[in-house]
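See below for structure.csv, which holds CSV, C-alpha atoms.
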chain,number,residue,atom,x,y,z
A,33,VAL,CA,6.1,10.4,10.8
A,34,GLN,CA,6.4,6.7,11.6
A,35,LEU,CA,4.5,4.0,9.8
A,36,GLN,CA,3.8,0.5,11.1
A,37,ALA,CA,2.4,-2.2,8.9
A,38,PHE,CA,0.6,-5.3,10.1
A,39,GLY,CA,-2.0,-7.9,9.0
A,40,GLY,CA,0.1,-10.2,6.9
A,41,GLY,CA,-0.2,-14.0,7.2
A,42,LEU,CA,-0.7,-17.3,5.4
A,43,VAL,CA,-3.9,-17.7,3.3
A,44,GLN,CA,-5.1,-20.1,0.7
A,45,ALA,CA,-5.5,-19.0,-2.9
A,46,GLY,CA,-8.8,-17.3,-3.3
A,47,GLY,CA,-8.8,-16.0,0.2
A,48,SER,CA,-8.6,-12.5,1.6
A,49,LEU,CA,-6.4,-10.5,3.9
A,50,ARG,CA,-6.5,-6.9,5.1
A,51,LEU,CA,-3.3,-5.1,5.7
A,52,SER,CA,-3.2,-2.0,7.9
A,53,CYS,CA,-0.7,0.8,8.2
A,54,ALA,CA,-0.8,2.9,11.3
A,55,ALA,CA,0.8,6.4,11.2
A,56,SER,CA,2.1,8.3,14.2
A,57,GLY,CA,3.0,12.0,14.1
A,58,ARG,CA,1.3,14.0,11.4
A,59,THR,CA,-2.4,13.4,10.4
A,60,LEU,CA,-3.0,10.9,7.7
A,61,SER,CA,-4.9,13.4,5.6
A,62,SER,CA,-1.7,15.5,5.1
A,63,PHE,CA,0.1,13.0,2.9
A,64,GLY,CA,-0.5,10.4,0.2
A,65,SER,CA,-0.2,6.7,1.1
A,66,GLY,CA,0.9,3.7,-0.8
A,67,TRP,CA,1.6,0.0,-0.7
A,68,PHE,CA,4.5,-1.8,-2.4
A,69,ARG,CA,5.6,-5.4,-2.3
A,70,GLN,CA,8.7,-7.4,-2.8
A,71,ALA,CA,8.7,-11.0,-3.8
A,72,PRO,CA,11.8,-13.2,-3.3
A,73,GLY,CA,14.5,-12.4,-5.8
A,74,LYS,CA,12.5,-9.5,-7.3
A,75,GLU,CA,12.6,-5.7,-6.9
A,76,ARG,CA,10.1,-3.9,-4.8
A,77,GLU,CA,7.1,-3.0,-6.9
A,78,PHE,CA,4.1,-0.6,-6.7
A,79,VAL,CA,0.8,-2.1,-5.7
A,80,ALA,CA,-1.6,0.7,-4.8
A,81,ALA,CA,-1.8,4.3,-3.7
A,82,ILE,CA,-4.3,6.8,-2.5
A,83,ARG,CA,-4.1,10.6,-2.6
A,84,TRP,CA,-3.8,12.7,0.6
A,85,SER,CA,-7.4,13.7,0.1
A,86,GLY,CA,-8.5,10.1,-0.2
A,87,GLY,CA,-10.4,10.9,-3.4
A,88,ASP,CA,-8.3,9.1,-6.0
A,89,THR,CA,-6.7,5.7,-5.9
A,90,TYR,CA,-4.2,4.0,-8.2
A,91,TYR,CA,-3.4,0.3,-8.7
A,92,THR,CA,-1.0,-1.8,-10.6
A,93,ASP,CA,-2.8,-3.8,-13.3
A,94,SER,CA,-2.3,-7.2,-11.7
A,95,VAL,CA,-4.4,-6.3,-8.6
A,96,LYS,CA,-7.1,-4.2,-10.1
A,97,GLY,CA,-10.5,-5.5,-9.2
A,98,ARG,CA,-9.1,-7.6,-6.4
A,99,PHE,CA,-7.3,-5.1,-4.0
A,100,THR,CA,-8.7,-1.9,-2.5
A,101,ILE,CA,-6.8,0.8,-0.8
A,102,PHE,CA,-8.6,3.2,1.6
A,103,LYS,CA,-7.9,5.1,4.7
A,104,ASP,CA,-9.4,6.3,8.0
A,105,ASN,CA,-8.0,9.7,8.7
A,106,ALA,CA,-9.5,9.9,12.1
A,107,ARG,CA,-7.7,6.7,13.2
A,108,LYS,CA,-4.5,7.5,11.2
A,109,ILE,CA,-4.6,4.2,9.5
A,110,HIS,CA,-4.7,3.2,5.8
A,111,TYR,CA,-5.6,-0.2,4.6
A,112,LEU,CA,-5.1,-2.6,1.7
A,113,GLN,CA,-8.0,-5.0,1.4
A,114,MET,CA,-6.8,-8.0,-0.7
A,115,ASN,CA,-9.4,-10.4,-2.1
A,116,SER,CA,-9.1,-13.3,-4.5
A,117,LEU,CA,-5.5,-13.7,-3.5
A,118,LYS,CA,-3.2,-15.7,-5.8
A,119,PRO,CA,0.1,-17.4,-5.1
A,120,GLU,CA,1.9,-14.7,-7.2
A,121,ASP,CA,0.7,-12.2,-4.6
A,122,THR,CA,3.1,-13.8,-2.1
A,123,ALA,CA,5.6,-11.1,-1.0
A,124,ILE,CA,6.6,-8.8,1.8
A,125,TYR,CA,4.2,-5.8,1.7
A,126,TYR,CA,5.5,-2.3,2.7
A,127,CYS,CA,3.4,0.8,3.4
A,128,ALA,CA,4.7,4.2,2.5
A,129,GLY,CA,3.8,7.9,2.8
A,130,THR,CA,4.6,10.9,0.6
A,131,ASN,CA,4.6,14.5,1.5
A,132,VAL,CA,4.0,15.7,-2.0
A,133,ARG,CA,0.4,16.3,-2.9
A,134,SER,CA,0.7,15.1,-6.4
A,135,VAL,CA,-2.2,14.5,-8.8
A,136,SER,CA,0.0,12.3,-11.1
A,137,ARG,CA,-0.5,8.6,-11.1
A,138,THR,CA,3.0,8.1,-12.2
A,139,TRP,CA,4.3,10.0,-9.1
A,140,TYR,CA,2.5,7.5,-6.8
A,141,THR,CA,4.0,4.4,-8.5
A,142,ARG,CA,7.6,5.5,-8.0
A,143,ARG,CA,9.4,4.3,-4.9
A,144,GLU,CA,11.5,7.4,-4.7
A,145,SER,CA,8.3,9.5,-4.4
A,146,TYR,CA,7.8,8.3,-0.8
A,147,ASP,CA,9.3,9.9,2.2
A,148,TYR,CA,8.2,7.4,4.9
A,149,TRP,CA,8.3,3.6,4.9
A,150,GLY,CA,6.9,1.1,7.4
A,151,GLN,CA,8.5,-2.2,8.1
A,152,GLY,CA,7.3,-5.0,5.9
A,153,THR,CA,4.6,-7.5,6.6
A,154,LEU,CA,4.7,-11.0,5.0
A,155,VAL,CA,1.8,-12.3,2.9
A,156,THR,CA,2.0,-15.9,1.8
A,157,VAL,CA,-0.6,-17.3,-0.5
A,158,SER,CA,-0.6,-21.1,-0.8
A,159,SER,CA,-2.0,-22.9,-3.9
Kindly return the structure encoded in the file as structure tokens.
Amino acid sequence: VQLQAFGGGLVQAGGSLRLSCAASGRTLSSFGSGWFRQAPGKEREFVAAIRWSGGDTYYTDSVKGRFTIFKDNARKIHYLQMNSLKPEDTAIYYCAGTNVRSVSRTWYTRRESYDYWGQGTLVTVSS
């Protein structure tokens, strides 16, 4: 499976962006998907995840109510809709996929749970 992330860019605080992650190879419905981000000088952190079935989603507290993760299995793409962006959301965003069909939120928040990673896409939010 190969993942390709795109959709990053420069946006003003309060604005919106939609990140996309396209999968090649296996169908998207066969694995869980997530987004992580890494700000300058910081470790990569969990942002959001969605189960393989698409039924359950998980978010880090700082993005709840502003970001939405969803996927289109037919097009093999999963998305991260980011609204009300803040300067502290500035980071390189990475999409990821996991083969394990876990039902544990903790599982999806861990970087080591993911088997596939896309290249990063830079999101810059100006104040």
Check which residues of region 61-83 of chain A sit at most 6 Å from region 122-141 of chain A using only C-alpha atoms, and return one row each with the closest pair of atoms and their distance in Å to one decimal, ordered by chain and rising number, as CSV.
residue,atom,partner,partner_atom,distance
A:Phe63,CA,A:Asn131,CA,4.9
A:Gly64,CA,A:Thr130,CA,5.1
A:Ser65,CA,A:Gly129,CA,4.5
A:Gly66,CA,A:Ala128,CA,5.1
A:Trp67,CA,A:Cys127,CA,4.5
A:Phe68,CA,A:Tyr126,CA,5.2
A:Arg69,CA,A:Tyr125,CA,4.3
A:Gln70,CA,A:Ala123,CA,5.2
A:Ala71,CA,A:Ala123,CA,4.2
A:Phe78,CA,A:Thr141,CA,5.3
> Quick one: residues within 12 Å of region 97-100 of chain A, all atoms listed in the file counted, chain neighbours fewer than 3 positions away excluded, as a ChimeraX atom specification?
Replying inline: /A:46-52,66-67,79-82,88-94,103,110-118,121
>> Using all atoms listed in the file, can you tell me which of A:Tyr146, A:Ser62, A:Ser56, A:Lys96 comes closest to Ala37 (chain A)?
In response: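 Counting all atoms listed in the file, the residue closest to Ala37 (chain A) is A:Ser56.
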>> Between CA of Ser158 (chain A) and CA of Leu42 (chain A), what is the distance in Å, rounded to a tenth?
In response: 7.3 Å
>> Given the point (2.9, 3.1, 12.0) in the coordinates of this file, which residues lie within 10 Å, counting all atoms listed in the file, and how would they look as a ChimeraX atom specification?
In response: /A:33-38,52-57,108-110,127-128,148-151
> In Å, how far is it from CA of Asp104 (chain A) to CA of Trp84 (chain A)?
Replying inline: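 The value is 11.3 Å.
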>> Please compute the CA of Ser85 (chain A)-CA of Val155 (chain A) distance, one decimal, in Å.
In response: 27.7 Å
>> Just checking: using all atoms listed in the file, which residue out of A:Glu77, A:Gly86, A:Glu120, A:Pro72 ends up closest to Arg143 (chain A)?
In response: A:Glu77
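Distance check against Gly39 (chain A) using all atoms listed in the file: of A:Gly152, A:Pro119, A:Gly73, A:Gly87, the minimum falls on A:Gly152.
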Please return region 126-148 of chain A, rebuilt to N, CA, C and O atoms, as a PDB file, keeping the file's coordinate frame.
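Contents of the output file selection11.pdb:
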ATOM      1  N   TYR A 126       4.986  -3.508   1.949  1.00  0.00           N
ATOM      2  CA  TYR A 126       5.500  -2.300   2.700  1.00  0.00           C
ATOM      3  C   TYR A 126       4.469  -1.179   2.448  1.00  0.00           C
ATOM      4  O   TYR A 126       4.026  -0.931   1.325  1.00  0.00           O
ATOM      5  N   CYS A 127       4.164  -0.460   3.528  1.00  0.00           N
ATOM      6  CA  CYS A 127       3.400   0.800   3.400  1.00  0.00           C
ATOM      7  C   CYS A 127       4.296   1.955   3.333  1.00  0.00           C
ATOM      8  O   CYS A 127       5.420   1.906   3.834  1.00  0.00           O
ATOM      9  N   ALA A 128       3.826   3.020   2.718  1.00  0.00           N
ATOM     10  CA  ALA A 128       4.700   4.200   2.500  1.00  0.00           C
ATOM     11  C   ALA A 128       3.806   5.456   2.510  1.00  0.00           C
ATOM     12  O   ALA A 128       2.602   5.403   2.254  1.00  0.00           O
ATOM     13  N   GLY A 129       4.464   6.590   2.779  1.00  0.00           N
ATOM     14  CA  GLY A 129       3.800   7.900   2.800  1.00  0.00           C
ATOM     15  C   GLY A 129       4.612   8.912   2.031  1.00  0.00           C
ATOM     16  O   GLY A 129       5.843   8.890   2.104  1.00  0.00           O
ATOM     17  N   THR A 130       3.939   9.809   1.324  1.00  0.00           N
ATOM     18  CA  THR A 130       4.600  10.900   0.600  1.00  0.00           C
ATOM     19  C   THR A 130       4.084  12.218   0.977  1.00  0.00           C
ATOM     20  O   THR A 130       2.878  12.406   1.118  1.00  0.00           O
ATOM     21  N   ASN A 131       4.997  13.181   1.166  1.00  0.00           N
ATOM     22  CA  ASN A 131       4.600  14.500   1.500  1.00  0.00           C
ATOM     23  C   ASN A 131       4.040  15.324   0.356  1.00  0.00           C
ATOM     24  O   ASN A 131       3.323  16.296   0.541  1.00  0.00           O
ATOM     25  N   VAL A 132       4.384  14.911  -0.835  1.00  0.00           N
ATOM     26  CA  VAL A 132       4.000  15.700  -2.000  1.00  0.00           C
ATOM     27  C   VAL A 132       2.553  15.406  -2.374  1.00  0.00           C
ATOM     28  O   VAL A 132       2.151  14.258  -2.541  1.00  0.00           O
ATOM     29  N   ARG A 133       1.789  16.449  -2.535  1.00  0.00           N
ATOM     30  CA  ARG A 133       0.400  16.300  -2.900  1.00  0.00           C
ATOM     31  C   ARG A 133       0.225  16.296  -4.402  1.00  0.00           C
ATOM     32  O   ARG A 133      -0.321  17.207  -5.007  1.00  0.00           O
ATOM     33  N   SER A 134       0.701  15.222  -4.963  1.00  0.00           N
ATOM     34  CA  SER A 134       0.700  15.100  -6.400  1.00  0.00           C
ATOM     35  C   SER A 134      -0.679  14.641  -6.913  1.00  0.00           C
ATOM     36  O   SER A 134      -1.433  13.984  -6.188  1.00  0.00           O
ATOM     37  N   VAL A 135      -0.962  14.993  -8.154  1.00  0.00           N
ATOM     38  CA  VAL A 135      -2.200  14.500  -8.800  1.00  0.00           C
ATOM     39  C   VAL A 135      -1.794  13.575  -9.970  1.00  0.00           C
ATOM     40  O   VAL A 135      -2.624  13.235 -10.802  1.00  0.00           O
ATOM     41  N   SER A 136      -0.533  13.164  -9.989  1.00  0.00           N
ATOM     42  CA  SER A 136       0.000  12.300 -11.100  1.00  0.00           C
ATOM     43  C   SER A 136       0.019  10.860 -10.628  1.00  0.00           C
ATOM     44  O   SER A 136       0.654  10.529  -9.620  1.00  0.00           O
ATOM     45  N   ARG A 137      -0.610   9.979 -11.394  1.00  0.00           N
ATOM     46  CA  ARG A 137      -0.500   8.600 -11.100  1.00  0.00           C
ATOM     47  C   ARG A 137       0.905   8.079 -11.111  1.00  0.00           C
ATOM     48  O   ARG A 137       1.328   7.303 -10.249  1.00  0.00           O
ATOM     49  N   THR A 138       1.654   8.544 -12.065  1.00  0.00           N
ATOM     50  CA  THR A 138       3.000   8.100 -12.200  1.00  0.00           C
ATOM     51  C   THR A 138       3.831   8.422 -10.921  1.00  0.00           C
ATOM     52  O   THR A 138       4.664   7.609 -10.484  1.00  0.00           O
ATOM     53  N   TRP A 139       3.573   9.583 -10.339  1.00  0.00           N
ATOM     54  CA  TRP A 139       4.300  10.000  -9.100  1.00  0.00           C
ATOM     55  C   TRP A 139       4.051   8.886  -8.035  1.00  0.00           C
ATOM     56  O   TRP A 139       4.992   8.469  -7.363  1.00  0.00           O
ATOM     57  N   TYR A 140       2.844   8.439  -7.868  1.00  0.00           N
ATOM     58  CA  TYR A 140       2.500   7.500  -6.800  1.00  0.00           C
ATOM     59  C   TYR A 140       3.101   6.109  -7.022  1.00  0.00           C
ATOM     60  O   TYR A 140       3.221   5.332  -6.078  1.00  0.00           O
ATOM     61  N   THR A 141       3.432   5.787  -8.268  1.00  0.00           N
ATOM     62  CA  THR A 141       4.000   4.400  -8.500  1.00  0.00           C
ATOM     63  C   THR A 141       5.462   4.328  -8.332  1.00  0.00           C
ATOM     64  O   THR A 141       6.003   3.226  -8.392  1.00  0.00           O
ATOM     65  N   ARG A 142       6.120   5.451  -8.099  1.00  0.00           N
ATOM     66  CA  ARG A 142       7.600   5.500  -8.000  1.00  0.00           C
ATOM     67  C   ARG A 142       8.016   5.338  -6.527  1.00  0.00           C
ATOM     68  O   ARG A 142       7.560   6.091  -5.667  1.00  0.00           O
ATOM     69  N   ARG A 143       8.935   4.429  -6.239  1.00  0.00           N
ATOM     70  CA  ARG A 143       9.400   4.300  -4.900  1.00  0.00           C
ATOM     71  C   ARG A 143      10.058   5.541  -4.343  1.00  0.00           C
ATOM     72  O   ARG A 143       9.875   5.906  -3.172  1.00  0.00           O
ATOM     73  N   GLU A 144      10.783   6.238  -5.187  1.00  0.00           N
ATOM     74  CA  GLU A 144      11.500   7.400  -4.700  1.00  0.00           C
ATOM     75  C   GLU A 144      10.573   8.602  -4.417  1.00  0.00           C
ATOM     76  O   GLU A 144      11.021   9.630  -3.904  1.00  0.00           O
ATOM     77  N   SER A 145       9.289   8.472  -4.717  1.00  0.00           N
ATOM     78  CA  SER A 145       8.300   9.500  -4.400  1.00  0.00           C
ATOM     79  C   SER A 145       7.969   9.538  -2.906  1.00  0.00           C
ATOM     80  O   SER A 145       7.403  10.505  -2.421  1.00  0.00           O
ATOM     81  N   TYR A 146       8.292   8.466  -2.207  1.00  0.00           N
ATOM     82  CA  TYR A 146       7.800   8.300  -0.800  1.00  0.00           C
ATOM     83  C   TYR A 146       8.878   8.691   0.188  1.00  0.00           C
ATOM     84  O   TYR A 146      10.059   8.359   0.043  1.00  0.00           O
ATOM     85  N   ASP A 147       8.426   9.405   1.211  1.00  0.00           N
ATOM     86  CA  ASP A 147       9.300   9.900   2.200  1.00  0.00           C
ATOM     87  C   ASP A 147       9.363   9.018   3.479  1.00  0.00           C
ATOM     88  O   ASP A 147      10.319   9.064   4.238  1.00  0.00           O
ATOM     89  N   TYR A 148       8.328   8.244   3.675  1.00  0.00           N
ATOM     90  CA  TYR A 148       8.200   7.400   4.900  1.00  0.00           C
ATOM     91  C   TYR A 148       7.918   5.987   4.480  1.00  0.00           C
ATOM     92  O   TYR A 148       7.114   5.742   3.575  1.00  0.00           O
TER      93      TYR A 148
END
